[in-house]
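File shown here: final_23.cif, holding mmCIF, C-alpha atoms.
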data_query
#
loop_
_atom_site.group_PDB
_atom_site.id
_atom_site.type_symbol
_atom_site.label_atom_id
_atom_site.label_comp_id
_atom_site.auth_asym_id
_atom_site.auth_seq_id
_atom_site.Cartn_x
_atom_site.Cartn_y
_atom_site.Cartn_z
ATOM 1 C CA MET A 1 40.688 -136.111 -87.020
ATOM 2 C CA THR A 2 37.712 -136.755 -89.291
ATOM 3 C CA SER A 3 36.720 -133.725 -91.384
ATOM 4 C CA ILE A 4 33.357 -135.080 -92.599
ATOM 5 C CA VAL A 5 30.863 -137.105 -90.564
ATOM 6 C CA VAL A 6 27.836 -138.570 -92.295
ATOM 7 C CA ILE A 7 24.922 -139.519 -90.034
ATOM 8 C CA GLY A 8 22.203 -141.471 -91.779
ATOM 9 C CA SER A 9 20.894 -144.586 -93.431
ATOM 10 C CA LEU A 10 22.460 -147.696 -94.890
ATOM 11 C CA ASN A 11 20.348 -149.877 -97.185
ATOM 12 C CA MET A 12 20.941 -152.820 -99.434
ATOM 13 C CA ASP A 13 19.661 -151.766 -102.867
ATOM 14 C CA LEU A 14 17.717 -154.342 -104.874
ATOM 15 C CA VAL A 15 17.738 -152.822 -108.356
ATOM 16 C CA VAL A 16 15.666 -153.886 -111.365
ATOM 17 C CA ILE A 17 16.304 -152.416 -114.823
ATOM 18 C CA SER A 18 13.031 -152.036 -116.741
ATOM 19 C CA PRO A 19 11.938 -150.631 -120.131
ATOM 20 C CA HIS A 20 9.738 -148.169 -118.223
ATOM 21 C CA LEU A 21 8.427 -147.536 -114.728
ATOM 22 C CA PRO A 22 5.330 -149.684 -114.150
ATOM 23 C CA VAL A 23 2.001 -148.017 -113.433
ATOM 24 C CA ALA A 24 -0.453 -149.376 -110.861
ATOM 25 C CA GLY A 25 -1.411 -152.955 -111.661
ATOM 26 C CA GLU A 26 1.114 -153.346 -114.468
ATOM 27 C CA THR A 27 3.674 -156.166 -114.739
ATOM 28 C CA VAL A 28 6.805 -155.313 -116.726
ATOM 29 C CA ILE A 29 9.507 -157.752 -117.832
ATOM 30 C CA GLY A 30 12.827 -156.373 -116.658
ATOM 31 C CA THR A 31 16.198 -156.696 -118.342
ATOM 32 C CA GLN A 32 18.700 -156.735 -115.459
ATOM 33 C CA TYR A 33 18.935 -157.185 -111.678
ATOM 34 C CA LEU A 34 21.565 -155.698 -109.356
ATOM 35 C CA ASN A 35 22.116 -156.141 -105.624
ATOM 36 C CA GLU A 36 24.436 -153.566 -104.075
ATOM 37 C CA PRO A 37 25.040 -151.384 -101.004
ATOM 38 C CA GLY A 38 23.168 -148.092 -100.835
ATOM 39 C CA GLY A 39 21.135 -145.851 -98.541
ATOM 40 C CA LYS A 40 21.336 -142.079 -98.668
ATOM 41 C CA GLY A 41 23.710 -141.794 -95.724
ATOM 42 C CA ALA A 42 26.028 -144.568 -96.860
ATOM 43 C CA ASN A 43 25.943 -143.267 -100.428
ATOM 44 C CA GLN A 44 27.105 -139.834 -99.320
ATOM 45 C CA ALA A 45 29.827 -141.295 -97.111
ATOM 46 C CA TYR A 46 31.008 -143.635 -99.888
ATOM 47 C CA ALA A 47 31.044 -140.828 -102.477
ATOM 48 C CA ALA A 48 32.981 -138.491 -100.193
ATOM 49 C CA ALA A 49 35.526 -141.166 -99.228
ATOM 50 C CA LYS A 50 36.052 -142.285 -102.824
ATOM 51 C CA LEU A 51 36.702 -138.662 -103.804
ATOM 52 C CA GLY A 52 39.445 -138.419 -101.193
ATOM 53 C CA GLY A 53 37.575 -137.044 -98.185
ATOM 54 C CA ASN A 54 38.413 -137.877 -94.569
ATOM 55 C CA VAL A 55 35.051 -139.435 -93.683
ATOM 56 C CA ALA A 56 33.303 -141.268 -90.852
ATOM 57 C CA MET A 57 29.822 -142.832 -90.952
ATOM 58 C CA LEU A 58 27.397 -143.066 -88.022
ATOM 59 C CA GLY A 59 24.271 -145.224 -88.176
ATOM 60 C CA ARG A 60 22.896 -148.690 -87.574
ATOM 61 C CA ILE A 61 23.014 -151.920 -89.560
ATOM 62 C CA GLY A 62 21.195 -155.197 -88.941
ATOM 63 C CA SER A 63 22.707 -158.467 -87.787
ATOM 64 C CA ASP A 64 22.131 -160.007 -91.221
ATOM 65 C CA ASP A 65 24.512 -160.576 -94.123
ATOM 66 C CA HIS A 66 23.367 -157.304 -95.683
ATOM 67 C CA GLY A 67 24.671 -155.406 -92.657
ATOM 68 C CA GLN A 68 28.135 -156.908 -92.877
ATOM 69 C CA ARG A 69 28.340 -156.169 -96.583
ATOM 70 C CA LEU A 70 27.189 -152.563 -96.076
ATOM 71 C CA LYS A 71 29.898 -152.023 -93.469
ATOM 72 C CA ALA A 72 32.658 -153.708 -95.459
ATOM 73 C CA ASN A 73 31.845 -151.746 -98.591
ATOM 74 C CA LEU A 74 32.314 -148.408 -96.809
ATOM 75 C CA ALA A 75 35.503 -149.580 -95.145
ATOM 76 C CA ALA A 76 36.902 -150.587 -98.544
ATOM 77 C CA VAL A 77 37.044 -146.926 -99.663
ATOM 78 C CA GLY A 78 38.633 -145.727 -96.426
ATOM 79 C CA CYS A 79 35.527 -144.577 -94.559
ATOM 80 C CA ASP A 80 35.747 -144.884 -90.766
ATOM 81 C CA VAL A 81 32.988 -147.378 -89.808
ATOM 82 C CA SER A 82 33.701 -147.603 -86.070
ATOM 83 C CA GLY A 83 30.469 -145.655 -85.445
ATOM 84 C CA LEU A 84 28.236 -148.244 -87.129
ATOM 85 C CA GLY A 85 26.332 -150.157 -84.460
ATOM 86 C CA VAL A 86 24.553 -153.466 -85.006
ATOM 87 C CA ILE A 87 20.878 -154.043 -84.176
ATOM 88 C CA GLU A 88 19.473 -157.556 -84.036
ATOM 89 C CA GLY A 89 17.318 -158.116 -87.119
ATOM 90 C CA ALA A 90 17.198 -156.873 -90.679
ATOM 91 C CA SER A 91 19.224 -154.084 -92.243
ATOM 92 C CA GLY A 92 17.462 -151.477 -94.348
ATOM 93 C CA VAL A 93 16.631 -152.346 -97.930
ATOM 94 C CA ALA A 94 15.537 -150.322 -100.956
ATOM 95 C CA VAL A 95 13.710 -151.735 -103.954
ATOM 96 C CA ILE A 96 14.585 -149.623 -107.006
ATOM 97 C CA VAL A 97 13.134 -149.761 -110.494
ATOM 98 C CA VAL A 98 15.272 -147.974 -113.113
ATOM 99 C CA ALA A 99 13.679 -147.153 -116.477
ATOM 100 C CA ALA A 100 15.522 -147.101 -119.794
ATOM 101 C CA SER A 101 15.312 -143.286 -119.606
ATOM 102 C CA GLY A 102 17.411 -143.328 -116.426
ATOM 103 C CA GLN A 103 14.550 -142.224 -114.171
ATOM 104 C CA ASN A 104 13.771 -144.352 -111.129
ATOM 105 C CA SER A 105 11.136 -145.299 -108.577
ATOM 106 C CA ILE A 106 12.187 -146.356 -105.051
ATOM 107 C CA VAL A 107 10.556 -148.038 -102.046
ATOM 108 C CA VAL A 108 12.610 -148.075 -98.821
ATOM 109 C CA VAL A 109 12.096 -150.431 -95.867
ATOM 110 C CA PRO A 110 14.166 -148.802 -93.077
ATOM 111 C CA GLY A 111 14.949 -151.858 -90.924
ATOM 112 C CA ALA A 112 17.800 -151.139 -88.511
ATOM 113 C CA ASN A 113 17.996 -147.513 -89.625
ATOM 114 C CA HIS A 114 14.898 -146.673 -87.599
ATOM 115 C CA GLY A 115 16.532 -148.136 -84.513
ATOM 116 C CA TYR A 116 19.114 -145.321 -84.437
ATOM 117 C CA LEU A 117 17.624 -142.991 -81.815
ATOM 118 C CA PRO A 118 18.743 -139.707 -80.210
ATOM 119 C CA GLY A 119 20.060 -141.569 -77.170
ATOM 120 C CA ASP A 120 22.265 -143.675 -79.430
ATOM 121 C CA LEU A 121 23.588 -140.536 -81.057
ATOM 122 C CA ARG A 122 24.553 -139.126 -77.677
ATOM 123 C CA ALA A 123 26.461 -142.330 -76.961
ATOM 124 C CA ASP A 124 28.252 -141.893 -80.297
ATOM 125 C CA ALA A 125 29.276 -138.296 -79.567
ATOM 126 C CA LYS A 126 32.983 -139.185 -79.524
ATOM 127 C CA HIS A 127 32.786 -139.928 -83.249
ATOM 128 C CA LEU A 128 31.808 -136.300 -83.910
ATOM 129 C CA ALA A 129 34.906 -134.859 -82.261
ATOM 130 C CA GLY A 130 36.799 -132.620 -84.656
ATOM 131 C CA ALA A 131 34.244 -132.823 -87.466
ATOM 132 C CA ARG A 132 34.050 -129.729 -89.662
ATOM 133 C CA PHE A 133 31.104 -130.836 -91.799
ATOM 134 C CA VAL A 134 28.163 -133.053 -90.839
ATOM 135 C CA LEU A 135 25.979 -134.485 -93.621
ATOM 136 C CA LEU A 136 22.369 -135.365 -92.821
ATOM 137 C CA GLN A 137 19.408 -136.780 -94.753
ATOM 138 C CA LEU A 138 15.837 -137.861 -93.863
ATOM 139 C CA GLU A 139 15.948 -141.671 -94.032
ATOM 140 C CA SER A 140 16.713 -141.796 -90.288
ATOM 141 C CA PRO A 141 14.137 -140.992 -87.564
ATOM 142 C CA LEU A 142 13.442 -137.259 -87.661
ATOM 143 C CA ASP A 143 14.187 -136.856 -83.938
ATOM 144 C CA THR A 144 17.627 -138.339 -84.558
ATOM 145 C CA VAL A 145 18.281 -136.041 -87.523
ATOM 146 C CA LEU A 146 17.375 -133.008 -85.412
ATOM 147 C CA ALA A 147 19.537 -134.213 -82.518
ATOM 148 C CA ALA A 148 22.422 -134.719 -84.946
ATOM 149 C CA ALA A 149 22.047 -131.204 -86.359
ATOM 150 C CA LEU A 150 22.018 -129.644 -82.900
ATOM 151 C CA ALA A 151 25.009 -131.743 -81.812
ATOM 152 C CA ALA A 152 26.917 -130.589 -84.897
ATOM 153 C CA LYS A 153 26.192 -126.949 -84.120
ATOM 154 C CA ARG A 154 27.414 -127.394 -80.541
ATOM 155 C CA ILE A 155 30.851 -128.470 -81.767
ATOM 156 C CA GLY A 156 31.010 -125.752 -84.422
ATOM 157 C CA ALA A 157 30.594 -128.032 -87.445
ATOM 158 C CA GLN A 158 28.722 -126.934 -90.550
ATOM 159 C CA VAL A 159 25.534 -128.873 -91.282
ATOM 160 C CA ILE A 160 24.738 -129.905 -94.860
ATOM 161 C CA LEU A 161 21.137 -131.127 -94.887
ATOM 162 C CA ASP A 162 19.745 -133.075 -97.824
ATOM 163 C CA PRO A 163 15.943 -132.991 -97.252
ATOM 164 C CA ALA A 164 15.395 -136.354 -98.924
ATOM 165 C CA PRO A 165 13.174 -138.292 -99.119
ATOM 166 C CA ALA A 166 10.859 -135.346 -99.771
ATOM 167 C CA SER A 167 8.897 -134.008 -96.812
ATOM 168 C CA ASP A 168 6.361 -131.214 -96.477
ATOM 169 C CA SER A 169 7.053 -130.649 -92.797
ATOM 170 C CA LEU A 170 10.396 -130.289 -91.050
ATOM 171 C CA PRO A 171 11.053 -128.881 -87.549
ATOM 172 C CA PRO A 172 11.957 -125.180 -87.722
ATOM 173 C CA ASP A 173 15.001 -125.858 -85.531
ATOM 174 C CA LEU A 174 16.289 -128.350 -88.093
ATOM 175 C CA LEU A 175 15.987 -125.895 -90.963
ATOM 176 C CA ARG A 176 17.620 -123.152 -88.902
ATOM 177 C CA SER A 177 20.474 -125.514 -88.022
ATOM 178 C CA ALA A 178 21.244 -126.220 -91.669
ATOM 179 C CA ASP A 179 24.140 -124.120 -92.924
ATOM 180 C CA ILE A 180 23.513 -125.519 -96.410
ATOM 181 C CA LEU A 181 20.208 -127.024 -97.571
ATOM 182 C CA THR A 182 20.480 -129.138 -100.742
ATOM 183 C CA PRO A 183 17.017 -130.088 -102.075
ATOM 184 C CA ASN A 184 16.209 -131.211 -105.584
ATOM 185 C CA GLU A 185 13.220 -129.669 -107.342
ATOM 186 C CA THR A 186 10.654 -132.038 -105.850
ATOM 187 C CA GLU A 187 12.029 -131.727 -102.336
ATOM 188 C CA ALA A 188 12.187 -127.938 -102.576
ATOM 189 C CA THR A 189 8.558 -127.590 -103.615
ATOM 190 C CA ARG A 190 7.382 -130.143 -101.039
ATOM 191 C CA LEU A 191 9.073 -128.154 -98.263
ATOM 192 C CA LEU A 192 6.966 -125.180 -99.351
ATOM 193 C CA ARG A 193 3.867 -127.428 -99.425
ATOM 194 C CA CYS A 194 3.465 -126.862 -103.143
ATOM 195 C CA PRO A 195 2.714 -129.581 -105.708
ATOM 196 C CA PRO A 196 5.944 -131.481 -106.585
ATOM 197 C CA ALA A 197 7.682 -129.963 -109.610
ATOM 198 C CA VAL A 198 10.357 -131.023 -112.085
ATOM 199 C CA ASN A 199 12.090 -129.173 -114.913
ATOM 200 C CA LEU A 200 11.814 -125.837 -113.166
ATOM 201 C CA SER A 201 13.028 -122.788 -115.052
ATOM 202 C CA VAL A 202 15.914 -120.924 -113.460
ATOM 203 C CA THR A 203 13.550 -118.049 -112.681
ATOM 204 C CA GLU A 204 11.156 -120.416 -110.900
ATOM 205 C CA ALA A 205 14.036 -122.001 -109.010
ATOM 206 C CA ARG A 206 15.254 -118.596 -107.845
ATOM 207 C CA GLY A 207 11.837 -117.769 -106.426
ATOM 208 C CA ILE A 208 11.593 -121.092 -104.612
ATOM 209 C CA ALA A 209 15.104 -120.682 -103.191
ATOM 210 C CA ARG A 210 14.217 -117.278 -101.725
ATOM 211 C CA ARG A 211 11.125 -118.776 -100.086
ATOM 212 C CA LEU A 212 13.205 -121.592 -98.634
ATOM 213 C CA GLN A 213 15.691 -119.090 -97.217
ATOM 214 C CA ALA A 214 12.807 -117.469 -95.390
ATOM 215 C CA LEU A 215 12.252 -120.770 -93.564
ATOM 216 C CA GLY A 216 15.672 -120.467 -91.916
ATOM 217 C CA ALA A 217 18.481 -121.965 -94.019
ATOM 218 C CA SER A 218 20.675 -119.118 -95.250
ATOM 219 C CA THR A 219 22.307 -121.023 -98.123
ATOM 220 C CA ILE A 220 20.284 -123.134 -100.549
ATOM 221 C CA ILE A 221 21.867 -125.316 -103.218
ATOM 222 C CA MET A 222 19.009 -126.559 -105.377
ATOM 223 C CA LYS A 223 19.850 -129.570 -107.530
ATOM 224 C CA LEU A 224 18.286 -129.075 -110.963
ATOM 225 C CA GLY A 225 19.160 -132.342 -112.710
ATOM 226 C CA ALA A 226 20.559 -131.849 -116.189
ATOM 227 C CA GLN A 227 20.579 -128.068 -115.690
ATOM 228 C CA GLY A 228 23.108 -128.296 -112.847
ATOM 229 C CA CYS A 229 22.444 -126.532 -109.556
ATOM 230 C CA LEU A 230 21.407 -123.128 -108.267
ATOM 231 C CA LEU A 231 23.560 -121.684 -105.471
ATOM 232 C CA ALA A 232 21.417 -119.225 -103.505
ATOM 233 C CA GLN A 233 23.183 -117.170 -100.878
ATOM 234 C CA ARG A 234 21.907 -114.072 -99.117
ATOM 235 C CA GLU A 235 23.763 -111.738 -101.447
ATOM 236 C CA ALA A 236 23.549 -113.541 -104.774
ATOM 237 C CA MET A 237 22.261 -116.481 -106.797
ATOM 238 C CA THR A 238 24.396 -118.372 -109.298
ATOM 239 C CA LEU A 239 23.472 -121.137 -111.727
ATOM 240 C CA VAL A 240 26.206 -123.762 -112.001
ATOM 241 C CA PRO A 241 25.584 -125.657 -115.259
ATOM 242 C CA ALA A 242 26.036 -129.401 -115.578
ATOM 243 C CA PRO A 243 28.031 -130.960 -118.421
ATOM 244 C CA SER A 244 25.989 -132.690 -121.111
ATOM 245 C CA VAL A 245 26.047 -136.474 -120.608
ATOM 246 C CA VAL A 246 24.088 -139.535 -121.690
ATOM 247 C CA CYS A 247 22.035 -140.561 -118.665
ATOM 248 C CA ALA A 248 21.866 -144.250 -117.768
ATOM 249 C CA ASP A 249 20.619 -144.096 -114.147
ATOM 250 C CA THR A 250 19.960 -141.151 -111.842
ATOM 251 C CA THR A 251 20.029 -143.287 -108.671
ATOM 252 C CA ALA A 252 22.222 -141.649 -105.992
ATOM 253 C CA ALA A 253 23.233 -138.684 -108.169
ATOM 254 C CA GLY A 254 22.080 -136.336 -105.431
ATOM 255 C CA ASP A 255 24.110 -138.278 -102.883
ATOM 256 C CA VAL A 256 27.223 -138.025 -105.053
ATOM 257 C CA PHE A 257 26.582 -134.290 -105.272
ATOM 258 C CA ASN A 258 26.401 -133.918 -101.485
ATOM 259 C CA GLY A 259 29.452 -136.069 -100.835
ATOM 260 C CA ALA A 260 31.497 -134.169 -103.404
ATOM 261 C CA LEU A 261 30.281 -130.824 -102.061
ATOM 262 C CA ALA A 262 31.463 -131.720 -98.562
ATOM 263 C CA VAL A 263 34.867 -132.888 -99.824
ATOM 264 C CA ALA A 264 35.483 -129.681 -101.752
ATOM 265 C CA CYS A 265 34.360 -127.521 -98.829
ATOM 266 C CA SER A 266 36.575 -129.485 -96.428
ATOM 267 C CA GLU A 267 39.534 -128.719 -98.717
ATOM 268 C CA GLY A 268 38.880 -124.996 -98.540
ATOM 269 C CA ALA A 269 37.040 -124.465 -101.819
ATOM 270 C CA THR A 270 34.620 -121.571 -102.166
ATOM 271 C CA LEU A 271 30.977 -122.587 -102.369
ATOM 272 C CA ILE A 272 30.790 -121.799 -106.067
ATOM 273 C CA ASP A 273 33.847 -123.962 -106.790
ATOM 274 C CA ALA A 274 32.497 -126.692 -104.524
ATOM 275 C CA CYS A 275 29.272 -126.642 -106.540
ATOM 276 C CA ARG A 276 31.216 -126.964 -109.788
ATOM 277 C CA PHE A 277 33.087 -129.955 -108.367
ATOM 278 C CA ALA A 278 29.864 -131.554 -107.128
ATOM 279 C CA VAL A 279 28.060 -131.057 -110.449
ATOM 280 C CA GLN A 280 30.907 -132.713 -112.355
ATOM 281 C CA ALA A 281 30.953 -135.707 -109.997
ATOM 282 C CA ALA A 282 27.173 -136.146 -110.082
ATOM 283 C CA ALA A 283 27.074 -135.860 -113.877
ATOM 284 C CA LEU A 284 29.647 -138.612 -114.267
ATOM 285 C CA SER A 285 27.734 -140.875 -111.882
ATOM 286 C CA VAL A 286 24.509 -140.795 -113.935
ATOM 287 C CA THR A 287 26.303 -142.245 -116.957
ATOM 288 C CA ARG A 288 26.547 -145.584 -115.085
ATOM 289 C CA LEU A 289 24.080 -148.030 -113.545
ATOM 290 C CA GLY A 290 23.741 -148.399 -109.803
ATOM 291 C CA ALA A 291 24.341 -146.331 -106.704
ATOM 292 C CA GLN A 292 27.775 -146.762 -105.110
ATOM 293 C CA ARG A 293 29.167 -148.676 -108.086
ATOM 294 C CA SER A 294 28.477 -145.603 -110.248
ATOM 295 C CA MET A 295 30.408 -143.165 -108.062
ATOM 296 C CA PRO A 296 33.562 -141.615 -109.506
ATOM 297 C CA SER A 297 37.034 -141.500 -108.043
ATOM 298 C CA ARG A 298 39.018 -138.271 -107.983
ATOM 299 C CA SER A 299 41.159 -139.333 -110.923
ATOM 300 C CA GLU A 300 38.106 -139.759 -113.172
ATOM 301 C CA LEU A 301 37.049 -136.122 -112.925
ATOM 302 C CA PRO A 302 38.276 -133.449 -115.345
ATOM 303 C CA ASP A 303 41.521 -131.805 -114.204
ATOM 304 C CA GLN A 304 39.849 -128.487 -113.470
ATOM 305 C CA ALA A 305 37.153 -130.182 -111.380
ATOM 306 C CA ALA A 306 39.549 -132.462 -109.518
ATOM 307 C CA SER A 307 41.240 -129.462 -107.842
ATOM 308 C CA PRO A 308 38.340 -127.375 -106.498
ATOM 309 C CA LYS A 309 40.435 -124.930 -104.447
#
Do you think you could lay out the structure here as structure tokens?
Amino acid sequence: MTSIVVIGSLNMDLVVISPHLPVAGETVIGTQYLNEPGGKGANQAYAAAKLGGNVAMLGRIGSDDHGQRLKANLAAVGCDVSGLGVIEGASGVAVIVVAASGQNSIVVVPGANHGYLPGDLRADAKHLAGARFVLLQLESPLDTVLAAALAAKRIGAQVILDPAPASDSLPPDLLRSADILTPNETEATRLLRCPPAVNLSVTEARGIARRLQALGASTIIMKLGAQGCLLAQREAMTLVPAPSVVCADTTAAGDVFNGALAVACSEGATLIDACRFAVQAAALSVTRLGAQRSMPSRSELPDQAASPK
């Protein structure tokens, strides 16, 4: 049976490499163009499958060529795609500008992703059977994300919720259903309705994590970019440092983190070891351009990271 089920979005990424991110009204001459499968849900499923996880993906693709490519790309790494339905029309797309610094700016047009509704999820319930971990994000309709979280709890699966794209308002039942909440700095502060923040100190991150726990999720894993991640449990907080790397593109690094986290947890790793595994995988991914093309295989990780148990 499938250990990890990812419920979420699939987008075709249209990526432009640029000297810097353009400001309003500015035209910038880019240096490279990429066209590749992406979407936060598909990215997490692809990352988990490529790292050796037993993974299934639920969601919706369009009837266009993009949809067929999105499905085939997941299948190529061993992800179960029998839960991907087809909706007449366009698949989701994301337009991504990547600066020379590695930072990015993204606009998503959901397409078929927003046609995946709670009723469809109920019809797909058979694909959840036996799942131990369910990964969720916020590029699908919020009602569907909540229904997915509640369905996961009913079968005893653990919910890993990535609150991305950033939102300043999530249903309390969704936050309470999340066994593990994995925001980055911007997403964490937005959930608290504070101004978006980056480069938080560890002390600041600890305070934000405690406030997020008060909203209902007992375990917070805050992704801190080059610093690594902060694992905040009820009894303790631990900073898991990231290795020093040369960053080429941060696109999908958070998705690699979540996919790797789920794989390690499904193999019986402790949360701290799962975080170490996830940090190593995410760090390697940012040294390469692109989303799914940047994701590491198990054999590419350091020996100590490749065996998280």
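Proximity of A:Val16, A:Cys79, A:Ala129, A:Ala90 to Asp65 of chain A, computed with all atoms listed in the file, is greatest for A:Ala90.
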task: Please evaluate the PyMOL selection byres ((chain A and resi 8) around 10) against the displayed coordinates and give the resulting residues as a PyMOL selection string.
output: chain A and resi 5-7+9-10+39-45+57-60+113-114+116+135-141+144-145+148
query: On this structure, which residues satisfy the PyMOL selection byres ((chain A and resi 93) around 7), written as a PyMOL selection string?
result: chain A and resi 11-13+91-92+94-95+108-110
message: So the first atom is atom CA of Leu271 of chain A and the second is atom CA of Pro196 of chain A; what is the distance between them in Å, to one decimal place?
response: 26.9 Å
query: Got a sec: who's within 8 Å of Asn73 of chain A, counting all atoms listed in the file, leaving out chain neighbours fewer than 4 positions off, as a list in words?
result: Pro37, Arg69 and Val77 of chain A
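With atom CA of Leu230 of chain A on one side and atom CA of Ala214 of chain A on the other, the separation reads 16.5 Å.
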field: Gap from atom CA of Ala178 of chain A to atom CA of Val286 of chain A - Å, one decimal
entry: 26.8 Å
message: as a PyMOL selection string, please: the residues near Ser105 of chain A (cut-off 9 Å, all atoms listed in the file, same-chain neighbours under 5 positions excluded).
response: chain A and resi 21+95-99
Please dump the current selection as an mmCIF file, in the coordinates of the input; keep C-alpha atoms.
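So again-v5.cif came out as:
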data_model
loop_
_atom_site.group_PDB
_atom_site.id
_atom_site.type_symbol
_atom_site.label_atom_id
_atom_site.label_comp_id
_atom_site.auth_asym_id
_atom_site.auth_seq_id
_atom_site.Cartn_x
_atom_site.Cartn_y
_atom_site.Cartn_z
ATOM 1 C CA LEU A 21 8.427 -147.536 -114.728
ATOM 2 C CA VAL A 95 13.710 -151.735 -103.954
ATOM 3 C CA ILE A 96 14.585 -149.623 -107.006
ATOM 4 C CA VAL A 97 13.134 -149.761 -110.494
ATOM 5 C CA VAL A 98 15.272 -147.974 -113.113
ATOM 6 C CA ALA A 99 13.679 -147.153 -116.477
#
message: Since I can't run it myself right now, could you work out what the PyMOL selection byres ((chain A and resi 274-279) around 9) selects here and report it as a PyMOL selection string?
response: chain A and resi 221+223+228-231+240-243+256-265+268-273+280-284+301+304-309
field: Pick from A:Pro172, A:Gly52, A:Gly225, A:Gly83 nearest to Thr250 of chain A, counting only C-alpha atoms
entry: A:Gly225
field: Selection: 10 Å around Ser201 of chain A, all atoms listed in the file, excl. self and same-chain fewer than 4 positions, as a ChimeraX atom specification
entry: /A:205-206,224,227
Can you list every residue of segment 136-182 of chain A that has an atom at most 12 Å from segment 121-128 of chain A, with its nearest atom pair and the distance in Å to one decimal, using all atoms listed in the file, ordered by chain then number, as a tab-separated table?
residue	atom	partner	partner_atom	distance
A:Ser140	CA	A:Leu121	CA	11.6
A:Pro141	CA	A:Leu121	CA	11.5
A:Asp143	CA	A:Leu121	CA	10.5
A:Thr144	CA	A:Leu121	CA	7.3
A:Val145	CA	A:Leu121	CA	9.5
A:Leu146	CA	A:Leu121	CA	10.7
A:Ala147	CA	A:Leu121	CA	7.7
A:Ala148	CA	A:Leu121	CA	7.1
A:Ala149	CA	A:Leu121	CA	10.8
A:Leu150	CA	A:Arg122	CA	11.1
A:Ala151	CA	A:Ala125	CA	8.1
A:Ala152	CA	A:Leu128	CA	7.6
A:Lys153	CA	A:Leu128	CA	10.9
A:Arg154	CA	A:Leu128	CA	10.5
A:Ile155	CA	A:Leu128	CA	8.2
A:Gly156	CA	A:Leu128	CA	10.6
A:Ala157	CA	A:Leu128	CA	9.1
A:Gln158	CA	A:Leu128	CA	11.9
- request: Have a look at A:Ile106, A:Met237, A:Asp255, A:Gly85 and name the one nearest to Pro22 of chain A; count all atoms listed in the file.
  value: A:Ile106
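Of the residues under consideration (A:Ser63, A:Thr186, A:Ser3, A:Ser101), A:Ser3 shows the shortest atom-to-atom contact distance to Asp80 of chain A when counting all atoms listed in the file.
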- line: Residue with the minimum atom-to-atom distance to Arg190 of chain A, picked from A:Ile208, A:Ala166, A:Ala253, A:Met222 with only C-alpha atoms counted, is A:Ala166
Could the centre and edge lengths of an axis-aligned box, enclosing all atoms of segment 249-256 of chain A in the file with 5 Å extra on each side, be given in Å to one decimal as JSON?
{"center_x": 23.6, "center_y": -140.2, "center_z": -108.5, "size_x": 17.3, "size_y": 17.8, "size_z": 21.3}
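Distance check against His20 of chain A using only C-alpha atoms: of A:Gly62, A:Glu267, A:Asn104, A:Pro165, the minimum falls on A:Asn104.
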